[in-house]
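Structure, as structure tokens:
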Amino acid sequence: GVAGDSWSDEYAGEAYNYAQNWEELLRTQRGVNLGPAGTFPDAAPDRECLVRFGEAQLGGTLGTYRIWMTDATRRTWTTRLKLDNSDLDVTFVYGNSRVIYNAGSHYVGSPFVSPGFTGPTGALCGYVVSFPKDDPFLGAGDLKLDWPVRDPALQMEQVAYWIADQLRLPTSHRRFVHLYVNGVKRGTVYEDSQQPNSDLVEQYFPDDADGDLYKIDDWFEFDAGAGGFANRDATLDNFTTTDGAKKLARYRWNWRKRAVQESANDYRSLFALVDAATTQDSPAFTEAVEAQMDVEEWMRVIALEHLVGNWDSFGYQRGKNMSAYKPVSGRWNLLMWDIDFVLSASGDSADSYLYSTIDPTISSMMFHPPFRRVYLRALADAANGPLRAANFGPLIAANHRALLANGISPGLPTGGSNYLTARLRNVQNELNGLEQRFTVNVPSSSFTVTNNLLILTGTAPVKVKELRINGVPARVTWISETEWTLQLPLSAATNTLQLVGFDSHGRAIGGFARTLNVRYPGTFDSAAGHLVFNEILHHPSVPGATFVELFNASTTTA
């Protein structure tokens with residue numbers, strides 16, 4: 001009857017039920033017949049059922065997770081190879097209400113976080129817990145448990161995800177929990193962290209959740225003790241064999257498939273993305289990239305990582321801590337993960353360069369005018385929203401009070417708050433000079449043209465995401481951060497054109513509208529006989545590459 005005893009006789013399955021009544025338990029042990037006997041687990045005594053008594057019951061509003069394992073399992077965990085990812089048999093206990101037997105657990109995360117992996121109850125470490133398929137936990141088949149590694153305030157990674165949410169980006173939910181392993185309290189507080197997996201994909205892509213999910217990570221080569229490593233970062237570079245074909249082996253380490261629909265060797269959709277992103281010198285670069293990736297989402301994710309200083313991420317100073325998802329019918333998206341070099345917790349300084357990256361392809365995108373505007377607009381949206389103290393202040397204060405109310409003593413969050421305030425000033429300085437007026441370069445609001453293909457030019461601030469003409473989005477070419485041009489075929493002799501600028505929320509921007517009256521006295525060729533289907537690709541070798549090409553055979557009419 002000591003805390004931590006392992007019960008492996010025929011009454012092991014009864015032990016938990018009698019935990020509150022020792023007299024009944026002792027009578028059972030003395031052989032008093034209480035009815036038909038059973039055995040749990042089925043493989044007993046070779047396989048044990050561990051039941052612990054007398055562990056602390058905590059008050060407050062945070063969940064309490066417990067991992068129980070036999071001493072034999074603990075010894076195996078401690079002495080086997082540190083990077084062994086095979087599950088070890090454990091029991092998972094939630095609060096004082098639920099037990100999940102035959103769960104599995106092992107280390108998760110980086111073994112070089114000082115002082116490294118020293119056993120399940122040794123130095124602080126991350127855990128993954130997998131559940132039987134017929135006994136999920138909170139609807140999930142597994143969970144990842146991590147702790148605020150570098151943040152004494154304990155909340156800055158959650159603040160970073162909140163900023164991402166304010167920028168309308170997919171975010172992973174993180175839940176503060178108490179964690180005990182064989183009765184040993186782990187850290188000040190842990191987090192149950194939603195991973196970029198099928199659960200997250202279902203949440204954000206409910207209508208197209210059967211696509212390809214990749215984990216973007218460094219190509220790590222650890223030493224024998226898992227205490228040091230060499231790495232090669234993930235990029236969007238074009239890696240080929242000597243005959244010019246894509247080098248599959250080079251991509252498999254950095255772009256690891258997490259959801260395999262057909263073949264683990266089918267990287268065609270990723271190769272199509274690489275081909276598009278590495279054609280910077282092509283006139284069709286903008287269209288090629290936009291056809292493959294959700295540029296708005298990619299640029300906002302990479303901007304967010306820079307805003308919070310998380311240099312340890314893809315698109316920044318490393319090629320890791322990100323996932324990428326390609327829906328069956330949609331374009332590539334990025335999913336953030338592991339933002340723990342963040343703000344005042346070892347992140348880059350609040351005045352660090354906002355365009356730093358080791359990936360030449362990402363760098364080219366950052367400085368390509370139409371994509372650069374997207375990046376700058378993300379900075380502007382942050383400056384006008386989550387970077388303002390009136391918005392982040394109440395959140396940080398509420399998190400701090402909640403931790404204190406649950407018996408946790410976090411450090412003051414002043415460092416994170418000061419970082420966000422300083423970053424706001426940094427972003428505002430970056431945006432100075434880019435808030436151009438909305439202009440259209442025409443002689444007057446009413447004019448006459450001699451060709452029905454109207455060419456307009458002008459300027460617009462970066463907060464203008466879309467220019468609509470008579471309510472229809474115009475195909476605008478951005479030749480700099482603020483200068484634009486577009487071509488518009490006129491279809492009548494007299495044309496009233498209402499040009500309105502819209503922001504990233506789809507709202508018309510006040511003061512950014514012009515009405516033009518354009519006359520064209522010439523004649524029009526009929527579309528019949530001139531507009532033809534020129535080419536159809538109905539069965540492409542690359543998914544999503546189907547197209548129909550239209551050709552205008554008229555020499556006089558657009």
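Chain labels follow the order of the structure tokens: the first chain is A, the next B, and so on; residue numbering restarts at 1 in every chain, and ligands are counted from 1 in their shown order.
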Got a sec to tell me which of range 112-322 of chain A DSSP assigns to strand (DSSP E or B), as number ranges by chain?
-> A: 126-130, 137, 140, 142-146, 174-181, 184-185, 190-193, 212-216, 219-222, 229-232, 240, 246, 255-259, 293, 322
Just the residues within 12 Å of range 509-521 of chain A, please, counting only C-alpha atoms, with nothing from its chain fewer than 5 positions along; format it as a PyMOL selection string.
-> chain A and resi 436-456+458-471+488-504+557
Keeping only N, CA and C atoms, write the selected residues as a compact mmCIF listing (two decimals), in the first residue's frame.
```
# COMPACT_ATOMS: atom_id res chain seq x y z
N GLN A 436 1.02 56.40 -49.77
CA GLN A 436 0.75 57.29 -50.89
C GLN A 436 -0.75 57.56 -51.04
N ARG A 437 -1.05 58.72 -51.65
CA ARG A 437 -2.44 59.01 -51.99
C ARG A 437 -2.90 58.07 -53.10
N PHE A 438 -4.22 57.88 -53.20
CA PHE A 438 -4.79 57.10 -54.30
C PHE A 438 -4.95 58.04 -55.48
N THR A 439 -4.21 57.78 -56.57
CA THR A 439 -4.25 58.65 -57.74
C THR A 439 -4.48 57.82 -58.99
N VAL A 440 -5.10 58.45 -59.99
CA VAL A 440 -5.25 57.88 -61.33
C VAL A 440 -4.73 58.91 -62.31
N ASN A 441 -3.76 58.53 -63.10
CA ASN A 441 -3.10 59.48 -63.99
C ASN A 441 -3.90 59.66 -65.29
N VAL A 442 -4.90 60.51 -65.24
CA VAL A 442 -5.72 60.84 -66.41
C VAL A 442 -5.82 62.36 -66.50
N PRO A 443 -6.03 62.91 -67.72
CA PRO A 443 -6.07 64.37 -67.87
C PRO A 443 -7.23 65.02 -67.11
N SER A 444 -8.36 64.31 -67.02
CA SER A 444 -9.51 64.81 -66.28
C SER A 444 -10.43 63.63 -66.02
N SER A 445 -11.53 63.85 -65.31
CA SER A 445 -12.44 62.76 -65.02
C SER A 445 -13.25 62.34 -66.24
N SER A 446 -13.25 63.18 -67.30
CA SER A 446 -13.93 62.83 -68.56
C SER A 446 -12.95 63.04 -69.71
N PHE A 447 -12.79 62.01 -70.53
CA PHE A 447 -11.83 62.12 -71.63
C PHE A 447 -12.19 61.11 -72.72
N THR A 448 -11.55 61.28 -73.89
CA THR A 448 -11.80 60.43 -75.05
C THR A 448 -10.53 59.68 -75.42
N VAL A 449 -10.70 58.40 -75.84
CA VAL A 449 -9.56 57.59 -76.27
C VAL A 449 -9.78 57.15 -77.70
N THR A 450 -8.69 56.77 -78.36
CA THR A 450 -8.77 56.34 -79.76
C THR A 450 -8.63 54.83 -79.91
N ASN A 451 -8.48 54.12 -78.82
CA ASN A 451 -8.36 52.67 -78.83
C ASN A 451 -9.21 52.12 -77.71
N ASN A 452 -9.89 51.01 -77.96
CA ASN A 452 -10.78 50.52 -76.90
C ASN A 452 -10.04 49.79 -75.77
N LEU A 453 -8.72 49.62 -75.91
CA LEU A 453 -7.94 49.05 -74.81
C LEU A 453 -7.42 50.21 -73.96
N LEU A 454 -8.09 50.47 -72.85
CA LEU A 454 -7.75 51.58 -71.97
C LEU A 454 -6.62 51.15 -71.03
N ILE A 455 -5.56 51.95 -70.98
CA ILE A 455 -4.45 51.71 -70.06
C ILE A 455 -4.44 52.81 -69.01
N LEU A 456 -4.56 52.39 -67.73
CA LEU A 456 -4.56 53.34 -66.62
C LEU A 456 -3.35 53.11 -65.74
N GLY A 458 -1.40 54.74 -61.89
CA GLY A 458 -1.66 55.54 -60.71
C GLY A 458 -0.86 55.08 -59.51
N THR A 459 -1.22 55.55 -58.33
CA THR A 459 -0.57 55.15 -57.08
C THR A 459 -1.64 54.77 -56.06
N ALA A 460 -1.22 53.96 -55.09
CA ALA A 460 -2.12 53.56 -54.01
C ALA A 460 -1.28 53.14 -52.81
N PRO A 461 -1.73 53.40 -51.60
CA PRO A 461 -0.99 52.96 -50.41
C PRO A 461 -1.04 51.44 -50.27
N VAL A 462 -0.16 50.89 -49.44
CA VAL A 462 -0.07 49.43 -49.32
C VAL A 462 -1.32 48.82 -48.69
N LYS A 463 -2.11 49.64 -47.99
CA LYS A 463 -3.32 49.07 -47.38
C LYS A 463 -4.39 48.72 -48.40
N VAL A 464 -4.22 49.16 -49.65
CA VAL A 464 -5.16 48.78 -50.71
C VAL A 464 -4.77 47.39 -51.21
N LYS A 465 -5.62 46.42 -50.94
CA LYS A 465 -5.38 45.06 -51.42
C LYS A 465 -5.93 44.87 -52.82
N GLU A 466 -7.06 45.49 -53.10
CA GLU A 466 -7.77 45.20 -54.35
C GLU A 466 -8.36 46.49 -54.90
N LEU A 467 -8.28 46.63 -56.21
CA LEU A 467 -8.91 47.75 -56.91
C LEU A 467 -10.06 47.19 -57.73
N ARG A 468 -11.25 47.67 -57.47
CA ARG A 468 -12.42 47.19 -58.20
C ARG A 468 -12.94 48.28 -59.13
N ILE A 469 -13.33 47.83 -60.33
CA ILE A 469 -13.91 48.75 -61.30
C ILE A 469 -15.35 48.31 -61.55
N ASN A 470 -16.27 49.18 -61.19
CA ASN A 470 -17.71 48.86 -61.26
C ASN A 470 -18.02 47.57 -60.51
N GLY A 471 -17.34 47.39 -59.37
CA GLY A 471 -17.60 46.25 -58.50
C GLY A 471 -16.86 44.98 -58.85
N LEU A 488 -7.80 47.76 -69.51
CA LEU A 488 -9.24 47.51 -69.42
C LEU A 488 -9.87 47.65 -70.81
N PRO A 489 -10.39 46.56 -71.37
CA PRO A 489 -11.09 46.69 -72.65
C PRO A 489 -12.43 47.42 -72.47
N LEU A 490 -12.65 48.45 -73.26
CA LEU A 490 -13.93 49.16 -73.22
C LEU A 490 -14.91 48.45 -74.16
N SER A 491 -16.14 48.37 -73.74
CA SER A 491 -17.12 47.61 -74.52
C SER A 491 -18.27 48.47 -75.04
N ALA A 492 -18.18 49.79 -74.82
CA ALA A 492 -19.26 50.68 -75.29
C ALA A 492 -18.66 52.01 -75.70
N ALA A 493 -19.46 52.79 -76.39
CA ALA A 493 -18.99 54.10 -76.83
C ALA A 493 -18.80 55.05 -75.65
N THR A 494 -19.69 54.95 -74.66
CA THR A 494 -19.60 55.77 -73.46
C THR A 494 -19.49 54.85 -72.25
N ASN A 495 -18.47 55.06 -71.42
CA ASN A 495 -18.18 54.16 -70.31
C ASN A 495 -18.02 54.95 -69.02
N THR A 496 -18.80 54.60 -68.02
CA THR A 496 -18.64 55.18 -66.68
C THR A 496 -17.93 54.16 -65.81
N LEU A 497 -16.77 54.52 -65.33
CA LEU A 497 -15.93 53.61 -64.56
C LEU A 497 -15.78 54.12 -63.14
N GLN A 498 -16.20 53.32 -62.18
CA GLN A 498 -16.04 53.66 -60.77
C GLN A 498 -14.91 52.82 -60.19
N LEU A 499 -13.80 53.45 -59.82
CA LEU A 499 -12.65 52.79 -59.26
C LEU A 499 -12.67 52.96 -57.75
N VAL A 500 -12.64 51.82 -57.01
CA VAL A 500 -12.69 51.87 -55.55
C VAL A 500 -11.62 50.95 -54.99
N GLY A 501 -10.88 51.42 -53.98
CA GLY A 501 -9.87 50.61 -53.31
C GLY A 501 -10.46 49.88 -52.11
N PHE A 502 -10.08 48.61 -51.94
CA PHE A 502 -10.56 47.79 -50.82
C PHE A 502 -9.36 47.28 -50.02
N ASP A 503 -9.56 47.15 -48.69
CA ASP A 503 -8.49 46.68 -47.82
C ASP A 503 -8.50 45.16 -47.71
N SER A 504 -7.64 44.62 -46.84
CA SER A 504 -7.51 43.17 -46.72
C SER A 504 -8.70 42.52 -46.05
N THR A 557 -9.76 45.21 -81.95
CA THR A 557 -10.63 45.31 -80.78
C THR A 557 -10.15 44.40 -79.66
```
Enumerate the residues of range 316-521 of chain A with a DSSP assignment of alpha helix (DSSP H), computed from the backbone, and present them as a compact mmCIF listing (two decimals) with N, CA, C and O atoms, in the first residue's frame.
```txt
# COMPACT_ATOMS: atom_id res chain seq x y z
N PRO A 360 16.89 32.15 -50.73
CA PRO A 360 16.91 33.13 -51.83
C PRO A 360 15.58 33.22 -52.57
O PRO A 360 15.23 34.28 -53.09
N THR A 361 14.84 32.12 -52.61
CA THR A 361 13.54 32.16 -53.29
C THR A 361 12.55 33.02 -52.50
O THR A 361 11.82 33.83 -53.08
N ILE A 362 12.50 32.84 -51.19
CA ILE A 362 11.62 33.66 -50.36
C ILE A 362 12.05 35.13 -50.45
O ILE A 362 11.20 36.04 -50.52
N SER A 363 13.36 35.39 -50.46
CA SER A 363 13.84 36.76 -50.58
C SER A 363 13.37 37.41 -51.87
O SER A 363 12.93 38.57 -51.89
N SER A 364 13.44 36.67 -52.97
CA SER A 364 12.97 37.20 -54.26
C SER A 364 11.49 37.55 -54.19
O SER A 364 11.05 38.56 -54.75
N MET A 365 10.72 36.71 -53.51
CA MET A 365 9.29 36.99 -53.38
C MET A 365 9.06 38.24 -52.54
O MET A 365 8.19 39.06 -52.85
N MET A 366 9.84 38.40 -51.46
CA MET A 366 9.66 39.55 -50.58
C MET A 366 9.86 40.87 -51.32
O MET A 366 9.25 41.88 -50.97
N PRO A 369 7.49 43.34 -56.50
CA PRO A 369 6.52 44.38 -56.10
C PRO A 369 5.14 43.89 -55.69
O PRO A 369 4.65 44.29 -54.62
N PRO A 370 4.44 43.03 -56.47
CA PRO A 370 3.10 42.65 -56.02
C PRO A 370 3.12 41.82 -54.73
O PRO A 370 2.21 41.95 -53.90
N PHE A 371 4.16 41.00 -54.53
CA PHE A 371 4.24 40.20 -53.31
C PHE A 371 4.76 41.06 -52.15
O PHE A 371 4.39 40.84 -50.99
N ARG A 372 5.63 42.01 -52.47
CA ARG A 372 6.13 42.91 -51.43
C ARG A 372 4.99 43.72 -50.83
O ARG A 372 4.94 43.98 -49.62
N ARG A 373 4.05 44.13 -51.68
CA ARG A 373 2.89 44.86 -51.15
C ARG A 373 2.10 43.99 -50.17
O ARG A 373 1.61 44.49 -49.15
N VAL A 374 1.99 42.71 -50.46
CA VAL A 374 1.28 41.81 -49.55
C VAL A 374 2.00 41.76 -48.20
O VAL A 374 1.38 41.82 -47.14
N TYR A 375 3.32 41.66 -48.26
CA TYR A 375 4.12 41.59 -47.04
C TYR A 375 3.97 42.89 -46.23
O TYR A 375 3.74 42.86 -45.02
N LEU A 376 4.09 44.01 -46.93
CA LEU A 376 3.96 45.30 -46.25
C LEU A 376 2.56 45.50 -45.69
O LEU A 376 2.39 46.10 -44.62
N ARG A 377 1.56 45.00 -46.39
CA ARG A 377 0.19 45.13 -45.89
C ARG A 377 -0.01 44.32 -44.61
O ARG A 377 -0.74 44.72 -43.72
N ALA A 378 0.67 43.18 -44.52
CA ALA A 378 0.61 42.40 -43.28
C ALA A 378 1.22 43.20 -42.12
O ALA A 378 0.68 43.23 -41.01
N LEU A 379 2.35 43.88 -42.39
CA LEU A 379 2.96 44.72 -41.36
C LEU A 379 2.01 45.85 -40.96
O LEU A 379 1.87 46.18 -39.77
N ALA A 380 1.36 46.46 -41.96
CA ALA A 380 0.45 47.56 -41.68
C ALA A 380 -0.76 47.09 -40.87
O ALA A 380 -1.20 47.76 -39.94
N ASP A 381 -1.30 45.92 -41.22
CA ASP A 381 -2.44 45.38 -40.47
C ASP A 381 -2.05 45.10 -39.02
O ASP A 381 -2.85 45.31 -38.09
N ALA A 382 -0.82 44.61 -38.81
CA ALA A 382 -0.36 44.36 -37.44
C ALA A 382 -0.19 45.67 -36.69
O ALA A 382 -0.56 45.78 -35.51
N ALA A 383 0.36 46.68 -37.38
CA ALA A 383 0.58 47.97 -36.72
C ALA A 383 -0.73 48.65 -36.35
O ALA A 383 -0.80 49.38 -35.34
N ALA A 389 -0.92 48.62 -27.88
CA ALA A 389 -1.04 48.25 -26.46
C ALA A 389 -2.49 48.12 -26.02
O ALA A 389 -2.81 47.29 -25.17
N ALA A 390 -3.37 48.92 -26.62
CA ALA A 390 -4.79 48.84 -26.24
C ALA A 390 -5.38 47.49 -26.60
O ALA A 390 -6.40 47.07 -26.01
N ASN A 391 -4.76 46.77 -27.55
CA ASN A 391 -5.25 45.46 -27.96
C ASN A 391 -4.52 44.31 -27.28
O ASN A 391 -5.16 43.39 -26.77
N PHE A 392 -3.17 44.36 -27.24
CA PHE A 392 -2.45 43.24 -26.63
C PHE A 392 -2.40 43.34 -25.11
O PHE A 392 -2.26 42.34 -24.42
N GLY A 393 -2.50 44.56 -24.57
CA GLY A 393 -2.38 44.75 -23.13
C GLY A 393 -3.39 43.95 -22.31
O GLY A 393 -3.01 43.22 -21.38
N PRO A 394 -4.69 44.05 -22.61
CA PRO A 394 -5.68 43.29 -21.84
C PRO A 394 -5.47 41.78 -21.92
O PRO A 394 -5.67 41.06 -20.94
N LEU A 395 -5.04 41.28 -23.08
CA LEU A 395 -4.81 39.85 -23.23
C LEU A 395 -3.66 39.38 -22.33
O LEU A 395 -3.79 38.40 -21.59
N ILE A 396 -2.53 40.08 -22.39
CA ILE A 396 -1.37 39.69 -21.58
C ILE A 396 -1.70 39.78 -20.09
O ILE A 396 -1.34 38.90 -19.30
N ALA A 397 -2.41 40.84 -19.68
CA ALA A 397 -2.77 40.99 -18.27
C ALA A 397 -3.70 39.87 -17.82
O ALA A 397 -3.55 39.32 -16.71
N ALA A 398 -4.66 39.50 -18.67
CA ALA A 398 -5.60 38.43 -18.30
C ALA A 398 -4.88 37.09 -18.18
O ALA A 398 -5.15 36.31 -17.26
N ASN A 399 -3.95 36.81 -19.10
CA ASN A 399 -3.17 35.57 -19.01
C ASN A 399 -2.38 35.52 -17.70
O ASN A 399 -2.33 34.48 -17.03
N HIS A 400 -1.77 36.64 -17.35
CA HIS A 400 -0.95 36.69 -16.13
C HIS A 400 -1.82 36.46 -14.89
O HIS A 400 -1.45 35.67 -14.00
N ARG A 401 -2.98 37.11 -14.84
CA ARG A 401 -3.88 36.92 -13.69
C ARG A 401 -4.35 35.48 -13.60
O ARG A 401 -4.47 34.91 -12.50
N ALA A 402 -4.65 34.86 -14.75
CA ALA A 402 -5.15 33.48 -14.74
C ALA A 402 -4.10 32.52 -14.21
O ALA A 402 -4.40 31.59 -13.45
N LEU A 403 -2.84 32.73 -14.59
CA LEU A 403 -1.77 31.87 -14.08
C LEU A 403 -1.62 32.03 -12.57
O LEU A 403 -1.49 31.04 -11.83
N LEU A 404 -1.65 33.27 -12.10
CA LEU A 404 -1.55 33.50 -10.66
C LEU A 404 -2.71 32.86 -9.92
O LEU A 404 -2.53 32.26 -8.84
N ALA A 405 -3.91 32.94 -10.48
CA ALA A 405 -5.09 32.36 -9.82
C ALA A 405 -5.02 30.86 -9.74
O ALA A 405 -5.73 30.24 -8.92
N THR A 414 6.38 42.15 -18.59
CA THR A 414 6.78 43.48 -19.04
C THR A 414 7.67 43.42 -20.27
O THR A 414 7.55 44.23 -21.19
N GLY A 415 8.58 42.43 -20.30
CA GLY A 415 9.50 42.34 -21.43
C GLY A 415 8.78 42.14 -22.75
O GLY A 415 9.10 42.78 -23.76
N GLY A 416 7.76 41.27 -22.76
CA GLY A 416 7.00 41.05 -23.97
C GLY A 416 6.22 42.27 -24.40
O GLY A 416 6.15 42.61 -25.59
N SER A 417 5.62 42.96 -23.43
CA SER A 417 4.85 44.17 -23.74
C SER A 417 5.77 45.25 -24.31
O SER A 417 5.42 45.93 -25.29
N ASN A 418 6.94 45.42 -23.70
CA ASN A 418 7.88 46.44 -24.20
C ASN A 418 8.36 46.08 -25.61
O ASN A 418 8.56 46.97 -26.45
N TYR A 419 8.54 44.79 -25.86
CA TYR A 419 8.98 44.35 -27.19
C TYR A 419 7.94 44.74 -28.25
O TYR A 419 8.27 45.30 -29.30
N LEU A 420 6.66 44.46 -27.97
CA LEU A 420 5.61 44.76 -28.94
C LEU A 420 5.50 46.26 -29.19
O LEU A 420 5.28 46.70 -30.33
N THR A 421 5.66 47.06 -28.15
CA THR A 421 5.61 48.51 -28.32
C THR A 421 6.77 49.00 -29.18
O THR A 421 6.59 49.85 -30.06
N ALA A 422 7.96 48.45 -28.93
CA ALA A 422 9.12 48.83 -29.74
C ALA A 422 8.98 48.34 -31.17
O ALA A 422 9.36 49.05 -32.12
N ARG A 423 8.41 47.15 -31.37
CA ARG A 423 8.23 46.62 -32.72
C ARG A 423 7.23 47.48 -33.49
O ARG A 423 7.39 47.69 -34.70
N LEU A 424 6.22 47.99 -32.81
CA LEU A 424 5.26 48.87 -33.46
C LEU A 424 5.97 50.10 -34.02
O LEU A 424 5.74 50.49 -35.18
N ARG A 425 6.84 50.72 -33.23
CA ARG A 425 7.58 51.89 -33.72
C ARG A 425 8.44 51.51 -34.92
O ARG A 425 8.53 52.26 -35.90
N ASN A 426 9.08 50.34 -34.84
CA ASN A 426 9.92 49.87 -35.93
C ASN A 426 9.12 49.70 -37.22
O ASN A 426 9.56 50.11 -38.31
N VAL A 427 7.94 49.11 -37.13
CA VAL A 427 7.10 48.89 -38.30
C VAL A 427 6.59 50.22 -38.86
O VAL A 427 6.56 50.43 -40.08
N GLN A 428 6.20 51.11 -37.97
CA GLN A 428 5.71 52.42 -38.44
C GLN A 428 6.81 53.16 -39.20
O GLN A 428 6.53 53.80 -40.23
N ASN A 429 8.04 53.08 -38.73
CA ASN A 429 9.15 53.71 -39.46
C ASN A 429 9.33 53.06 -40.83
O ASN A 429 9.64 53.74 -41.82
N GLU A 430 9.14 51.74 -40.89
CA GLU A 430 9.29 51.02 -42.16
C GLU A 430 8.22 51.45 -43.16
O GLU A 430 8.46 51.50 -44.38
N LEU A 431 7.03 51.75 -42.66
CA LEU A 431 5.91 52.08 -43.55
C LEU A 431 5.87 53.56 -43.94
O LEU A 431 5.09 53.94 -44.81
```
Skip Val129 in chain A itself and residues of its chain fewer than 5 positions away, then list as a PyMOL selection string all residues within 7 Å of it, counting only C-alpha atoms.
-> chain A and resi 103-105+142-144
Taking N, CA, C and O atoms for each residue, export the selection above as an mmCIF file, in the first residue's frame.
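As written to disk, result30.cif reads:
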```
data_model
loop_
_atom_site.group_PDB
_atom_site.id
_atom_site.type_symbol
_atom_site.label_atom_id
_atom_site.label_comp_id
_atom_site.auth_asym_id
_atom_site.auth_seq_id
_atom_site.Cartn_x
_atom_site.Cartn_y
_atom_site.Cartn_z
ATOM 1 N N ALA A 103 -2.052 3.583 -23.350
ATOM 2 C CA ALA A 103 -1.583 4.696 -24.166
ATOM 3 C C ALA A 103 -0.094 4.489 -24.435
ATOM 4 O O ALA A 103 0.540 3.591 -23.867
ATOM 5 N N GLY A 104 0.467 5.290 -25.320
ATOM 6 C CA GLY A 104 1.891 5.205 -25.619
ATOM 7 C C GLY A 104 2.527 6.572 -25.486
ATOM 8 O O GLY A 104 1.871 7.601 -25.697
ATOM 9 N N SER A 105 3.808 6.611 -25.124
ATOM 10 C CA SER A 105 4.472 7.900 -24.965
ATOM 11 C C SER A 105 5.955 7.778 -25.269
ATOM 12 O O SER A 105 6.547 6.700 -25.155
ATOM 13 N N ASP A 142 -3.758 11.744 -30.472
ATOM 14 C CA ASP A 142 -2.521 11.960 -29.734
ATOM 15 C C ASP A 142 -2.464 13.405 -29.272
ATOM 16 O O ASP A 142 -3.268 14.245 -29.698
ATOM 17 N N LEU A 143 -1.523 13.692 -28.398
ATOM 18 C CA LEU A 143 -1.318 15.068 -27.954
ATOM 19 C C LEU A 143 0.171 15.292 -27.751
ATOM 20 O O LEU A 143 0.945 14.353 -27.539
ATOM 21 N N LYS A 144 0.572 16.566 -27.846
ATOM 22 C CA LYS A 144 1.964 16.956 -27.625
ATOM 23 C C LYS A 144 2.014 17.879 -26.416
ATOM 24 O O LYS A 144 1.261 18.851 -26.337
#
```
Residues near range 183-192 of chain A, cut-off 7 Å, only C-alpha atoms, skip fewer than 4 positions along chain, as an NGL selection string | :A and (55 or 121 or 124 or 143-147 or 174-179 or 408)
With a distance cut-off of 8 Å and only C-alpha atoms, select the neighbouring residues of Trp219 in chain A, excluding the residue or stretch itself and same-chain residues fewer than 4 positions from it, and output the selection as a list of chain:residue names.
-> A:Asn231, A:Arg232, A:Asp233, A:Ala234, A:Trp253, A:Asn254
For N, CA, C and O atoms, I'd like the residues from the last selection saved as an mmCIF file, in the first residue's frame.
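Heads up, here's the output in again.cif:
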```
data_model
loop_
_atom_site.group_PDB
_atom_site.id
_atom_site.type_symbol
_atom_site.label_atom_id
_atom_site.label_comp_id
_atom_site.auth_asym_id
_atom_site.auth_seq_id
_atom_site.Cartn_x
_atom_site.Cartn_y
_atom_site.Cartn_z
ATOM 1 N N ASN A 231 23.191 20.327 -39.510
ATOM 2 C CA ASN A 231 21.882 20.458 -40.155
ATOM 3 C C ASN A 231 21.984 21.169 -41.494
ATOM 4 O O ASN A 231 22.939 21.909 -41.753
ATOM 5 N N ARG A 232 20.986 20.923 -42.313
ATOM 6 C CA ARG A 232 20.836 21.631 -43.579
ATOM 7 C C ARG A 232 19.392 22.098 -43.658
ATOM 8 O O ARG A 232 18.459 21.320 -43.480
ATOM 9 N N ASP A 233 19.204 23.386 -43.922
ATOM 10 C CA ASP A 233 17.879 23.985 -43.829
ATOM 11 C C ASP A 233 17.010 23.689 -45.045
ATOM 12 O O ASP A 233 17.503 23.513 -46.164
ATOM 13 N N ALA A 234 15.710 23.693 -44.807
ATOM 14 C CA ALA A 234 14.737 23.570 -45.890
ATOM 15 C C ALA A 234 14.614 24.901 -46.621
ATOM 16 O O ALA A 234 14.571 25.966 -45.993
ATOM 17 N N TRP A 253 13.971 14.820 -46.918
ATOM 18 C CA TRP A 253 14.368 15.114 -45.544
ATOM 19 C C TRP A 253 13.793 16.431 -45.063
ATOM 20 O O TRP A 253 13.396 16.565 -43.899
ATOM 21 N N ASN A 254 13.798 17.447 -45.943
ATOM 22 C CA ASN A 254 13.334 18.779 -45.533
ATOM 23 C C ASN A 254 11.830 18.963 -45.674
ATOM 24 O O ASN A 254 11.239 19.785 -44.960
#
```
By how many Å are CA of Ser349 in chain A and CA of Leu387 in chain A apart?
->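 Between CA of Ser349 in chain A and CA of Leu387 in chain A the gap works out to 15.1 Å.
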